[in-house]
>>> print(open('final-v1.txt').read())   # compact mmCIF, C-alpha atoms
# COMPACT_ATOMS: atom_id res chain seq x y z
CA MET A 73 40.11 56.72 -40.49
CA LEU A 74 43.85 56.23 -40.78
CA GLN A 75 45.88 54.95 -37.85
CA SER A 76 48.96 57.10 -37.62
CA CYS A 77 52.46 56.23 -36.47
CA ARG A 78 53.19 57.56 -32.99
CA PHE A 79 56.35 59.26 -34.16
CA CYS A 80 55.60 60.31 -37.72
CA VAL A 81 52.62 62.61 -37.42
CA ASN A 82 52.56 64.26 -40.82
CA PHE A 83 48.92 64.44 -41.88
CA ALA A 84 49.41 67.10 -44.55
CA LEU A 85 48.08 64.91 -47.36
CA MET A 86 45.25 63.38 -45.37
CA GLU A 87 41.67 64.16 -46.21
CA PRO A 88 39.60 64.87 -43.06
CA THR A 89 36.52 62.81 -42.25
CA TYR A 90 33.48 64.87 -43.20
CA SER A 91 30.47 64.00 -41.07
CA SER A 92 28.04 65.27 -43.72
CA THR A 93 27.89 64.80 -47.51
CA LEU A 94 26.49 68.34 -47.81
CA LEU A 95 29.68 69.65 -46.25
CA GLU A 96 31.82 67.41 -48.44
CA ASP A 97 29.94 68.58 -51.56
CA ALA A 98 30.42 72.23 -50.59
CA VAL A 99 34.14 71.67 -50.01
CA SER A 100 34.48 69.91 -53.38
CA ALA A 101 32.56 72.71 -55.12
CA LEU A 102 34.51 75.57 -53.52
CA SER A 103 37.86 73.89 -54.16
CA ARG A 104 37.17 74.07 -57.93
CA PHE A 105 38.07 77.77 -57.76
CA PRO A 106 41.68 78.46 -58.78
CA GLY A 107 43.98 78.98 -55.80
CA ILE A 108 41.51 77.45 -53.34
CA GLY A 109 42.54 74.05 -52.03
CA ARG A 110 40.44 71.68 -49.96
CA LYS A 111 41.69 73.12 -46.69
CA THR A 112 40.70 76.70 -47.60
CA ALA A 113 37.41 75.40 -49.05
CA LEU A 114 36.62 73.74 -45.72
CA ARG A 115 37.36 76.99 -43.91
CA LEU A 116 34.99 78.86 -46.25
CA ALA A 117 32.26 76.22 -45.88
CA LEU A 118 32.48 76.30 -42.08
CA TYR A 119 32.34 80.10 -42.23
CA LEU A 120 29.03 79.83 -44.09
CA LEU A 121 27.65 77.60 -41.33
CA ARG A 122 28.40 80.25 -38.73
CA ARG A 123 26.56 82.95 -40.70
CA PRO A 124 22.81 83.52 -41.27
CA ALA A 125 21.25 81.38 -44.03
CA GLU A 126 20.50 84.51 -46.13
CA GLU A 127 24.22 85.14 -46.55
CA ALA A 128 24.82 81.71 -48.09
CA ASP A 129 21.81 82.27 -50.36
CA THR A 130 23.14 85.67 -51.45
CA ILE A 131 26.52 84.17 -52.36
CA GLY A 132 25.07 81.08 -54.08
CA GLU A 133 22.58 83.09 -56.10
CA ALA A 134 25.14 85.73 -57.14
CA ILE A 135 27.36 82.95 -58.50
CA MET A 136 24.54 81.32 -60.47
CA ARG A 137 23.07 84.59 -61.77
CA LEU A 138 26.50 85.80 -62.91
CA ARG A 139 27.12 82.79 -65.13
CA GLN A 140 23.57 82.56 -66.45
CA GLY A 141 22.85 86.23 -66.94
CA VAL A 142 26.12 87.68 -68.15
CA ARG A 143 26.17 89.18 -71.66
CA TYR A 144 28.99 90.26 -73.88
CA CYS A 145 29.08 93.43 -75.98
CA ARG A 146 28.33 92.67 -79.65
CA VAL A 147 31.03 95.13 -80.77
CA CYS A 148 34.00 94.73 -78.38
CA HIS A 149 33.09 91.43 -76.58
CA ASN A 150 33.59 92.98 -73.14
CA ILE A 151 31.18 91.99 -70.35
CA SER A 152 28.11 94.16 -70.68
CA GLU A 153 24.61 94.74 -69.35
CA LYS A 154 23.26 95.62 -72.79
CA GLU A 155 23.80 94.41 -76.34
CA VAL A 156 26.38 97.18 -76.85
CA CYS A 157 28.46 98.07 -73.79
CA ASP A 158 28.70 101.49 -72.17
CA ILE A 159 32.20 102.11 -73.52
CA CYS A 160 31.25 101.32 -77.14
CA ALA A 161 28.01 103.31 -76.85
CA SER A 162 29.62 106.35 -75.19
CA PRO A 163 29.52 109.52 -77.31
CA VAL A 164 32.52 111.05 -75.50
CA ARG A 165 34.97 108.22 -76.19
CA ASP A 166 37.32 108.37 -79.13
CA ALA A 167 35.99 105.87 -81.72
CA ALA A 168 39.13 106.31 -83.86
CA THR A 169 41.25 104.23 -81.47
CA VAL A 170 40.72 100.56 -80.66
CA CYS A 171 42.83 98.86 -78.01
CA VAL A 172 43.14 95.09 -78.47
CA VAL A 173 43.31 93.17 -75.15
CA GLU A 174 43.29 89.53 -74.10
CA THR A 175 40.63 89.48 -71.41
CA VAL A 176 37.89 91.42 -69.67
CA ARG A 177 40.27 91.89 -66.74
CA ASP A 178 42.67 93.80 -69.00
CA VAL A 179 39.92 96.29 -69.92
CA MET A 180 39.51 96.98 -66.18
CA SER A 181 43.26 97.42 -65.72
CA LEU A 182 43.49 99.90 -68.59
CA GLU A 183 40.35 101.75 -67.46
CA ALA A 184 41.87 102.03 -63.98
CA THR A 185 44.81 104.01 -65.39
CA GLY A 186 42.44 106.78 -66.45
CA GLN A 187 44.77 107.45 -69.40
CA TYR A 188 42.76 105.90 -72.19
CA ASN A 189 39.69 107.35 -73.86
CA GLY A 190 39.31 105.05 -76.87
CA LEU A 191 37.45 101.79 -77.43
CA TYR A 192 38.44 98.18 -76.77
CA HIS A 193 38.41 94.82 -78.50
CA VAL A 194 38.54 91.77 -76.21
CA LEU A 195 40.11 88.77 -77.98
CA GLY A 196 39.21 86.23 -75.29
CA GLY A 197 42.80 84.96 -75.04
CA VAL A 198 45.92 84.71 -77.17
CA ILE A 199 47.08 82.29 -79.88
CA SER A 200 48.63 79.38 -77.98
CA PRO A 201 49.11 76.12 -79.92
CA ILE A 202 50.25 74.35 -76.74
CA ASP A 203 46.84 75.03 -75.15
CA GLY A 204 45.03 74.23 -78.41
CA ILE A 205 43.96 77.86 -78.93
CA GLY A 206 44.12 78.91 -82.58
CA PRO A 207 43.04 82.15 -84.27
CA ASP A 208 39.55 80.73 -84.88
CA GLN A 209 38.76 80.51 -81.14
CA LEU A 210 39.56 84.20 -80.66
CA GLU A 211 37.70 87.34 -81.72
CA LEU A 212 40.21 88.05 -84.52
CA ALA A 213 37.91 87.85 -87.57
CA SER A 214 35.50 90.25 -85.84
CA LEU A 215 38.40 92.66 -85.25
CA ALA A 216 39.32 92.67 -88.95
CA GLN A 217 35.65 93.10 -89.87
CA ARG A 218 35.27 95.94 -87.37
CA VAL A 219 38.29 97.79 -88.76
CA ALA A 220 37.24 97.15 -92.38
CA GLU A 221 33.57 98.07 -92.01
CA THR A 222 33.67 101.06 -89.69
CA ASN A 223 35.37 104.03 -91.27
CA THR A 224 36.08 105.64 -87.91
CA VAL A 225 38.96 103.40 -86.71
CA ARG A 226 42.34 104.99 -87.45
CA GLU A 227 44.60 103.36 -84.85
CA VAL A 228 44.75 99.87 -83.37
CA ILE A 229 46.76 99.55 -80.13
CA LEU A 230 48.05 96.04 -79.42
CA ALA A 231 47.90 95.53 -75.62
CA THR A 232 48.40 91.79 -75.26
CA SER A 233 50.79 90.52 -72.57
CA PRO A 234 54.51 90.68 -73.48
CA THR A 235 54.85 86.89 -73.78
CA VAL A 236 55.66 84.61 -76.72
CA GLU A 237 51.93 83.95 -77.19
CA GLY A 238 51.13 87.65 -76.94
CA ASP A 239 53.78 88.53 -79.52
CA THR A 240 52.54 85.77 -81.87
CA THR A 241 49.02 87.14 -81.60
CA ASN A 242 50.28 90.68 -82.24
CA TYR A 243 52.10 89.49 -85.38
CA TYR A 244 48.96 87.66 -86.55
CA ILE A 245 46.85 90.80 -86.06
CA TYR A 246 49.48 92.88 -87.88
CA ARG A 247 49.31 90.53 -90.90
CA LEU A 248 45.52 90.42 -90.76
CA LEU A 249 45.09 94.20 -90.73
CA SER A 250 47.79 94.79 -93.37
CA ARG A 251 45.76 92.76 -95.86
CA LEU A 252 42.72 95.03 -95.50
CA PRO A 253 42.04 97.56 -98.26
CA ARG A 254 41.89 100.42 -95.73
CA GLN A 255 45.16 100.87 -93.79
CA VAL A 256 45.20 101.80 -90.10
CA LYS A 257 48.04 102.76 -87.80
CA ILE A 258 49.13 99.81 -85.61
CA THR A 259 50.88 100.55 -82.32
CA GLN A 260 51.79 98.52 -79.24
CA LEU A 261 52.26 99.32 -75.55
CA ALA A 262 55.69 100.70 -74.65
CA ARG A 263 57.99 98.10 -73.14
CA GLY A 264 60.53 99.15 -70.57
CA VAL A 265 61.47 99.39 -66.94
CA ALA A 266 58.40 99.12 -64.67
CA VAL A 267 57.66 102.24 -62.60
CA GLY A 268 58.97 101.82 -59.04
CA ASN A 269 61.21 98.86 -59.93
CA ASP A 270 64.95 98.79 -59.33
CA ILE A 271 67.19 98.76 -62.40
CA GLU A 272 69.28 96.18 -60.54
CA TYR A 273 66.39 93.70 -60.42
CA THR A 274 65.08 94.33 -63.94
CA ASP A 275 65.70 91.34 -66.25
CA GLU A 276 68.13 91.72 -69.19
CA ALA A 277 65.45 91.42 -71.91
CA THR A 278 63.37 94.24 -70.45
CA LEU A 279 66.42 96.41 -69.81
CA ALA A 280 67.64 95.85 -73.39
CA ARG A 281 64.19 96.83 -74.74
CA SER A 282 64.09 99.93 -72.58
CA LEU A 283 67.53 100.96 -73.86
CA VAL A 284 66.75 100.37 -77.54
CA GLY A 285 63.38 102.09 -77.19
CA ARG A 286 64.67 105.05 -75.12
CA ILE A 287 62.63 108.25 -75.26
CA PRO A 288 63.50 111.99 -75.05
CA PHE A 289 63.72 113.27 -71.45
CA GLU A 290 60.77 115.57 -70.71
CA LEU A 291 59.85 117.61 -67.66
CA MET B 265 36.97 106.91 -63.44
CA LEU B 266 39.86 108.57 -61.63
CA GLN B 267 42.38 110.66 -63.49
CA SER B 268 45.80 109.64 -62.24
CA CYS B 269 48.98 111.65 -61.87
CA ARG B 270 51.52 110.90 -64.60
CA PHE B 271 54.24 110.18 -62.07
CA CYS B 272 52.43 108.68 -59.11
CA VAL B 273 50.69 105.62 -60.47
CA ASN B 274 49.69 103.81 -57.29
CA PHE B 275 46.20 102.45 -57.89
CA ALA B 276 46.26 99.86 -55.11
CA LEU B 277 43.20 101.25 -53.32
CA MET B 278 41.21 101.93 -56.46
CA GLU B 279 38.09 99.92 -57.19
CA PRO B 280 37.97 98.83 -60.85
CA THR B 281 35.10 99.84 -63.12
CA TYR B 282 32.78 96.85 -63.46
CA SER B 283 30.95 96.85 -66.76
CA SER B 284 28.15 94.66 -65.38
CA THR B 285 26.18 94.77 -62.12
CA LEU B 286 26.01 90.96 -62.18
CA LEU B 287 29.79 90.87 -62.05
CA GLU B 288 29.88 93.51 -59.32
CA ASP B 289 27.30 91.54 -57.28
CA ALA B 290 29.30 88.34 -57.64
CA VAL B 291 32.50 90.12 -56.55
CA SER B 292 30.71 91.62 -53.53
CA ALA B 293 29.24 88.22 -52.61
CA LEU B 294 32.50 86.28 -52.95
CA SER B 295 34.46 88.89 -51.01
CA ARG B 296 32.28 88.19 -47.95
CA PHE B 297 34.29 85.02 -47.41
CA PRO B 298 37.06 85.44 -44.83
CA GLY B 299 40.49 85.94 -46.40
CA ILE B 300 39.02 86.77 -49.83
CA GLY B 301 39.38 90.40 -50.80
CA ARG B 302 37.77 92.13 -53.77
CA LYS B 303 40.76 91.44 -56.02
CA THR B 304 40.67 87.68 -55.37
CA ALA B 305 36.86 87.72 -55.63
CA LEU B 306 37.15 89.30 -59.09
CA ARG B 307 39.63 86.60 -60.14
CA LEU B 308 37.20 83.90 -58.94
CA ALA B 309 34.23 85.54 -60.71
CA LEU B 310 36.15 85.83 -63.98
CA TYR B 311 37.19 82.19 -63.62
CA LEU B 312 33.50 81.23 -63.45
CA LEU B 313 32.86 83.11 -66.69
CA ARG B 314 35.50 81.05 -68.49
CA ARG B 315 33.95 77.75 -67.34
CA PRO B 316 30.74 75.97 -68.44
CA ALA B 317 27.52 77.27 -66.85
CA GLU B 318 26.97 73.91 -65.09
CA GLU B 319 30.07 74.49 -62.98
CA ALA B 320 28.79 77.80 -61.62
CA ASP B 321 25.44 76.13 -60.90
CA THR B 322 27.17 73.27 -59.05
CA ILE B 323 29.10 75.69 -56.86
CA GLY B 324 26.13 78.01 -56.23
CA GLU B 325 23.79 75.15 -55.37
CA ALA B 326 26.31 73.41 -53.09
CA ILE B 327 26.67 76.64 -51.10
CA MET B 328 22.92 77.10 -50.74
CA ARG B 329 22.17 73.45 -49.99
CA LEU B 330 24.90 73.32 -47.34
CA ARG B 331 23.44 76.17 -45.32
CA GLN B 332 19.81 75.15 -45.76
CA GLY B 333 20.17 71.40 -45.34
CA VAL B 334 22.83 71.01 -42.68
CA ARG B 335 21.80 69.31 -39.42
CA TYR B 336 23.50 68.99 -36.08
CA CYS B 337 23.66 65.88 -33.94
CA ARG B 338 21.18 66.03 -31.05
CA VAL B 339 23.72 64.50 -28.68
CA CYS B 340 27.13 66.01 -29.51
CA HIS B 341 26.11 68.98 -31.76
CA ASN B 342 28.55 67.98 -34.50
CA ILE B 343 27.46 68.37 -38.15
CA SER B 344 25.45 65.31 -39.06
CA GLU B 345 23.31 63.73 -41.76
CA LYS B 346 20.95 62.18 -39.23
CA GLU B 347 19.44 63.21 -35.89
CA VAL B 348 22.26 61.38 -34.10
CA CYS B 349 25.64 61.48 -35.83
CA ASP B 350 27.66 58.44 -36.93
CA ILE B 351 30.17 58.87 -34.12
CA CYS B 352 27.53 59.01 -31.34
CA ALA B 353 25.60 56.11 -32.91
CA SER B 354 28.65 53.92 -33.46
CA PRO B 355 28.65 50.70 -31.36
CA VAL B 356 32.47 50.36 -31.54
CA ARG B 357 33.28 53.76 -30.05
CA ASP B 358 34.00 54.15 -26.36
CA ALA B 359 30.95 55.85 -24.82
CA ALA B 360 32.76 56.28 -21.48
CA THR B 361 34.93 59.11 -22.83
CA VAL B 362 33.63 62.49 -24.05
CA CYS B 363 36.01 64.98 -25.62
CA VAL B 364 34.85 68.60 -25.34
CA VAL B 365 35.85 70.73 -28.35
CA GLU B 366 35.11 74.25 -29.55
CA THR B 367 34.06 73.66 -33.16
CA VAL B 368 33.18 71.09 -35.80
CA ARG B 369 36.63 71.66 -37.32
CA ASP B 370 38.24 70.45 -34.09
CA VAL B 371 36.35 67.15 -34.31
CA MET B 372 37.88 66.66 -37.78
CA SER B 373 41.35 67.49 -36.49
CA LEU B 374 41.07 64.99 -33.63
CA GLU B 375 39.57 62.32 -35.91
CA ALA B 376 42.48 62.83 -38.32
CA THR B 377 44.95 61.80 -35.61
CA GLY B 378 43.39 58.33 -35.52
CA GLN B 379 44.26 58.20 -31.80
CA TYR B 380 40.82 58.78 -30.32
CA ASN B 381 37.99 56.30 -30.10
CA GLY B 382 35.60 58.09 -27.74
CA LEU B 383 32.73 60.51 -28.31
CA TYR B 384 32.68 64.31 -28.71
CA HIS B 385 30.81 67.32 -27.43
CA VAL B 386 30.93 70.43 -29.63
CA LEU B 387 30.49 73.62 -27.59
CA GLY B 388 30.11 75.95 -30.56
CA GLY B 389 32.79 78.34 -29.27
CA VAL B 390 34.37 79.41 -25.99
CA ILE B 391 33.37 81.82 -23.25
CA SER B 392 34.55 85.23 -24.44
CA PRO B 393 33.05 88.30 -22.74
CA ILE B 394 34.85 90.61 -25.19
CA ASP B 395 32.91 89.01 -28.08
CA GLY B 396 29.70 88.91 -26.02
CA ILE B 397 29.75 85.11 -25.78
CA GLY B 398 28.62 83.85 -22.37
CA PRO B 399 28.01 80.30 -21.11
CA ASP B 400 24.35 80.44 -22.25
CA GLN B 401 25.28 80.73 -25.93
CA LEU B 402 27.36 77.55 -25.75
CA GLU B 403 26.35 73.89 -25.40
CA LEU B 404 27.44 73.80 -21.74
CA ALA B 405 24.11 72.99 -20.07
CA SER B 406 23.63 70.09 -22.48
CA LEU B 407 27.11 68.79 -21.58
CA ALA B 408 26.24 68.77 -17.86
CA GLN B 409 22.91 67.10 -18.65
CA ARG B 410 24.62 64.51 -20.84
CA VAL B 411 27.12 63.62 -18.12
CA ALA B 412 24.44 63.57 -15.41
CA GLU B 413 21.84 61.56 -17.31
CA THR B 414 23.92 58.95 -19.12
CA ASN B 415 25.60 56.58 -16.72
CA THR B 416 28.22 55.58 -19.29
CA VAL B 417 30.42 58.72 -19.22
CA ARG B 418 33.43 58.24 -16.95
CA GLU B 419 35.94 60.73 -18.38
CA VAL B 420 35.58 64.20 -19.88
CA ILE B 421 38.59 65.42 -21.90
CA LEU B 422 38.84 69.20 -22.24
CA ALA B 423 40.22 69.94 -25.72
CA THR B 424 39.60 73.67 -26.09
CA SER B 425 42.36 75.87 -27.54
CA PRO B 426 45.11 76.83 -25.06
CA THR B 427 44.04 80.49 -24.91
CA VAL B 428 42.69 82.66 -22.10
CA GLU B 429 39.14 82.04 -23.38
CA GLY B 430 39.78 78.31 -23.68
CA ASP B 431 41.15 78.12 -20.13
CA THR B 432 38.19 80.14 -18.80
CA THR B 433 35.81 77.72 -20.51
CA ASN B 434 37.71 74.74 -19.09
CA TYR B 435 37.46 76.20 -15.60
CA TYR B 436 33.72 76.81 -16.07
CA ILE B 437 33.21 73.20 -17.21
CA TYR B 438 35.25 71.93 -14.27
CA ARG B 439 33.04 73.85 -11.82
CA LEU B 440 29.87 72.72 -13.65
CA LEU B 441 30.78 69.04 -13.60
CA SER B 442 32.06 69.12 -10.00
CA ARG B 443 28.60 70.15 -8.82
CA LEU B 444 26.97 67.07 -10.34
CA PRO B 445 25.96 64.23 -7.98
CA ARG B 446 27.91 61.69 -10.10
CA GLN B 447 31.65 62.48 -10.33
CA VAL B 448 33.61 61.95 -13.56
CA LYS B 449 37.34 62.16 -14.26
CA ILE B 450 38.23 65.47 -15.94
CA THR B 451 41.40 65.61 -18.06
CA GLN B 452 42.86 68.07 -20.56
CA LEU B 453 45.14 67.78 -23.59
CA ALA B 454 48.86 67.64 -22.77
CA ARG B 455 50.63 70.97 -23.31
CA GLY B 456 54.22 71.00 -24.41
CA VAL B 457 56.68 71.38 -27.23
CA ALA B 458 55.03 70.82 -30.64
CA VAL B 459 56.35 67.81 -32.61
CA GLY B 460 58.84 68.94 -35.25
CA ASN B 461 59.37 72.37 -33.68
CA ASP B 462 62.74 73.74 -32.60
CA ILE B 463 63.24 74.22 -28.85
CA GLU B 464 64.93 77.51 -29.78
CA TYR B 465 61.75 78.90 -31.33
CA THR B 466 59.32 77.57 -28.71
CA ASP B 467 57.87 80.37 -26.57
CA GLU B 468 58.72 80.57 -22.86
CA ALA B 469 55.21 79.76 -21.61
CA THR B 470 55.02 76.54 -23.64
CA LEU B 471 58.57 75.54 -22.71
CA ALA B 472 57.81 76.16 -19.02
CA ARG B 473 54.67 74.00 -19.25
CA SER B 474 56.56 71.22 -21.02
CA LEU B 475 59.20 71.24 -18.29
CA VAL B 476 56.73 71.23 -15.40
CA GLY B 477 54.66 68.53 -17.09
CA ARG B 478 57.60 66.36 -18.16
CA ILE B 479 56.90 62.67 -18.71
CA PRO B 480 58.96 59.47 -18.26
CA PHE B 481 61.13 58.65 -21.30
CA GLU B 482 59.77 55.57 -23.10
CA LEU B 483 60.96 53.60 -26.08
>>> encode(input="final-v1.txt", output="structure tokens")
Amino acid sequence: MLQSCRFCVNFALMEPTYSSTLLEDAVSALSRFPGIGRKTALRLALYLLRRPAEEADTIGEAIMRLRQGVRYCRVCHNISEKEVCDICASPVRDAATVCVVETVRDVMSLEATGQYNGLYHVLGGVISPIDGIGPDQLELASLAQRVAETNTVREVILATSPTVEGDTTNYYIYRLLSRLPRQVKITQLARGVAVGNDIEYTDEATLARSLVGRIPFEL
Amino acid sequence: MLQSCRFCVNFALMEPTYSSTLLEDAVSALSRFPGIGRKTALRLALYLLRRPAEEADTIGEAIMRLRQGVRYCRVCHNISEKEVCDICASPVRDAATVCVVETVRDVMSLEATGQYNGLYHVLGGVISPIDGIGPDQLELASLAQRVAETNTVREVILATSPTVEGDTTNYYIYRLLSRLPRQVKITQLARGVAVGNDIEYTDEATLARSLVGRIPFEL
């Protein structure tokens, strides 16, 4: 226990005294999550103590089962229940188009638009030398193999994030697919002013791209 | 999957398509925590998938062990490792003073000040008819018993939150302890301007209390 000055009462950086190691362990465990500090973790742990024991079991088991039981689609590397995911196995989806994304979350975002009916390829990240992620750690070879071996793919849409790393990865994929004997069309997501944003608050780079890449006005 | 309008692209209320029930279960479980919505829960679940399996096990087990293994002190009802907690069992703490608090979190807050050397009594909440919480659901009878049976207690400090419910509970405790054959001093936390706050932004009720309860200036 720290003795505090009578006048300076800033305890922001102080760790509270936990009266139980179980509580301390739970706080340490929960604060591993991104965006959850020790203070929030303590609030979550104390919430669990106020609830029936079954609720804590449900949460704990769901966390463990997720990590142990999760499978990835053999074709597109998205999270899946089966060896080949529902999107890849679907007969109504357009197998001629493959959209290359960074993460599983991006597949959800694109699916939520309801505008895409093709297949996906989840890279598992982007090329980022500063984070030690090279082409070998990503699903790039399997993308080239997929395009080369299946005769159905006619277009590859690059949907990585518009960052330096994303652009590097796009360039790498472009080079990789250009070297294949069978050529496919390579496209990328349109870059421009975000819907609902003010022109005034749009950064110069985006505004410049939206001007250069302007499109015919349609009703 | 929802088909969205080409112009109105607000998907804020849309639930994403989970490609795995394990993932959906984990998101549902994590979003039970207060302050964690489904979007944050998804971010946490996807974080787990990027980490080693041991980490998910650590978190899951800590949650389950906390709820199953936690014990409460027989005397003060604080979270404890043993039947009687370290604070109640400590020979250096002043057994003549008992500070009545609402929750376990409040004990931590008071301990963090380093200004208190007495014992605690955790009520487990406050009297709140609107939430269906009456005196019987709280550790009020055990407080009266503790004061009546141990001859050491000479002062009871009421440290409930300064709300209507807290004040009601304080009044109830005052009545309860007044009826005991042995009389103890009953005090409450000082109410006034918070340290570091601007007078300008202090509400009228608090400012009025701080004026009525003004104290001699000391260096």
>>> atom_distance(input="final-v1.txt", atom1="atom CA of B:Arg443", atom2="atom CA of B:Leu407")
12.9 Å
>>> interface_residues(input="final-v1.txt", of="chain A", to="chain B", cutoff="7 Å", atoms="only C-alpha atoms", output="PyMOL selection string")
chain A and resi 73-76+88-89+91-92+94-95+97-98+101-102+105+116+120-121+125+128-136+138-140+142+151-153+180+184-186
>>> write_last_selection(input="final-v1.txt", atoms="C-alpha atoms", output="mmCIF file, in the frame of the given file")
data_model
loop_
_atom_site.group_PDB
_atom_site.id
_atom_site.type_symbol
_atom_site.label_atom_id
_atom_site.label_comp_id
_atom_site.auth_asym_id
_atom_site.auth_seq_id
_atom_site.Cartn_x
_atom_site.Cartn_y
_atom_site.Cartn_z
ATOM 1 C CA MET A 73 40.110 56.720 -40.490
ATOM 2 C CA LEU A 74 43.850 56.230 -40.780
ATOM 3 C CA GLN A 75 45.880 54.950 -37.850
ATOM 4 C CA SER A 76 48.960 57.100 -37.620
ATOM 5 C CA PRO A 88 39.600 64.870 -43.060
ATOM 6 C CA THR A 89 36.520 62.810 -42.250
ATOM 7 C CA SER A 91 30.470 64.000 -41.070
ATOM 8 C CA SER A 92 28.040 65.270 -43.720
ATOM 9 C CA LEU A 94 26.490 68.340 -47.810
ATOM 10 C CA LEU A 95 29.680 69.650 -46.250
ATOM 11 C CA ASP A 97 29.940 68.580 -51.560
ATOM 12 C CA ALA A 98 30.420 72.230 -50.590
ATOM 13 C CA ALA A 101 32.560 72.710 -55.120
ATOM 14 C CA LEU A 102 34.510 75.570 -53.520
ATOM 15 C CA PHE A 105 38.070 77.770 -57.760
ATOM 16 C CA LEU A 116 34.990 78.860 -46.250
ATOM 17 C CA LEU A 120 29.030 79.830 -44.090
ATOM 18 C CA LEU A 121 27.650 77.600 -41.330
ATOM 19 C CA ALA A 125 21.250 81.380 -44.030
ATOM 20 C CA ALA A 128 24.820 81.710 -48.090
ATOM 21 C CA ASP A 129 21.810 82.270 -50.360
ATOM 22 C CA THR A 130 23.140 85.670 -51.450
ATOM 23 C CA ILE A 131 26.520 84.170 -52.360
ATOM 24 C CA GLY A 132 25.070 81.080 -54.080
ATOM 25 C CA GLU A 133 22.580 83.090 -56.100
ATOM 26 C CA ALA A 134 25.140 85.730 -57.140
ATOM 27 C CA ILE A 135 27.360 82.950 -58.500
ATOM 28 C CA MET A 136 24.540 81.320 -60.470
ATOM 29 C CA LEU A 138 26.500 85.800 -62.910
ATOM 30 C CA ARG A 139 27.120 82.790 -65.130
ATOM 31 C CA GLN A 140 23.570 82.560 -66.450
ATOM 32 C CA VAL A 142 26.120 87.680 -68.150
ATOM 33 C CA ILE A 151 31.180 91.990 -70.350
ATOM 34 C CA SER A 152 28.110 94.160 -70.680
ATOM 35 C CA GLU A 153 24.610 94.740 -69.350
ATOM 36 C CA MET A 180 39.510 96.980 -66.180
ATOM 37 C CA ALA A 184 41.870 102.030 -63.980
ATOM 38 C CA THR A 185 44.810 104.010 -65.390
ATOM 39 C CA GLY A 186 42.440 106.780 -66.450
#
>>> atom_distance(input="final-v1.txt", atom1="atom CA of A:Asn189", atom2="atom CA of A:Cys171")
10.0 Å
>>> atom_distance(input="final-v1.txt", atom1="atom CA of A:Glu237", atom2="atom CA of A:Ser250")
19.9 Å
>>> residues_around(input="final-v1.txt", residues="stretch 412-415 of chain B", least_positions_apart="3", cutoff="10 Å", atoms="all atoms listed in the file", output="number ranges by chain")
B: 359-360, 406-409, 418, 441, 444-448
>>> closest_residue(input="final-v1.txt", among="A:Ile287, A:Val198, A:Leu230, A:Thr240", to="A:Lys257", atoms="all atoms listed in the file")
A:Leu230
>>> axis_aligned_box(input="final-v1.txt", around="stretch 353-369 of chain B", padding_each_side="5 Å", output="lines of an AutoDock Vina configuration file")
center_x = 31.1
center_y = 62.3
center_z = -29.4
size_x = 21.0
size_y = 33.9
size_z = 25.8
>>> residues_near_point(input="final-v1.txt", point="(58.9, 104.0, -71.0)", cutoff="7 Å", atoms="only C-alpha atoms", output="list in words")
Ala262, Arg263, Gly264, Val265 and Ser282 of chain A
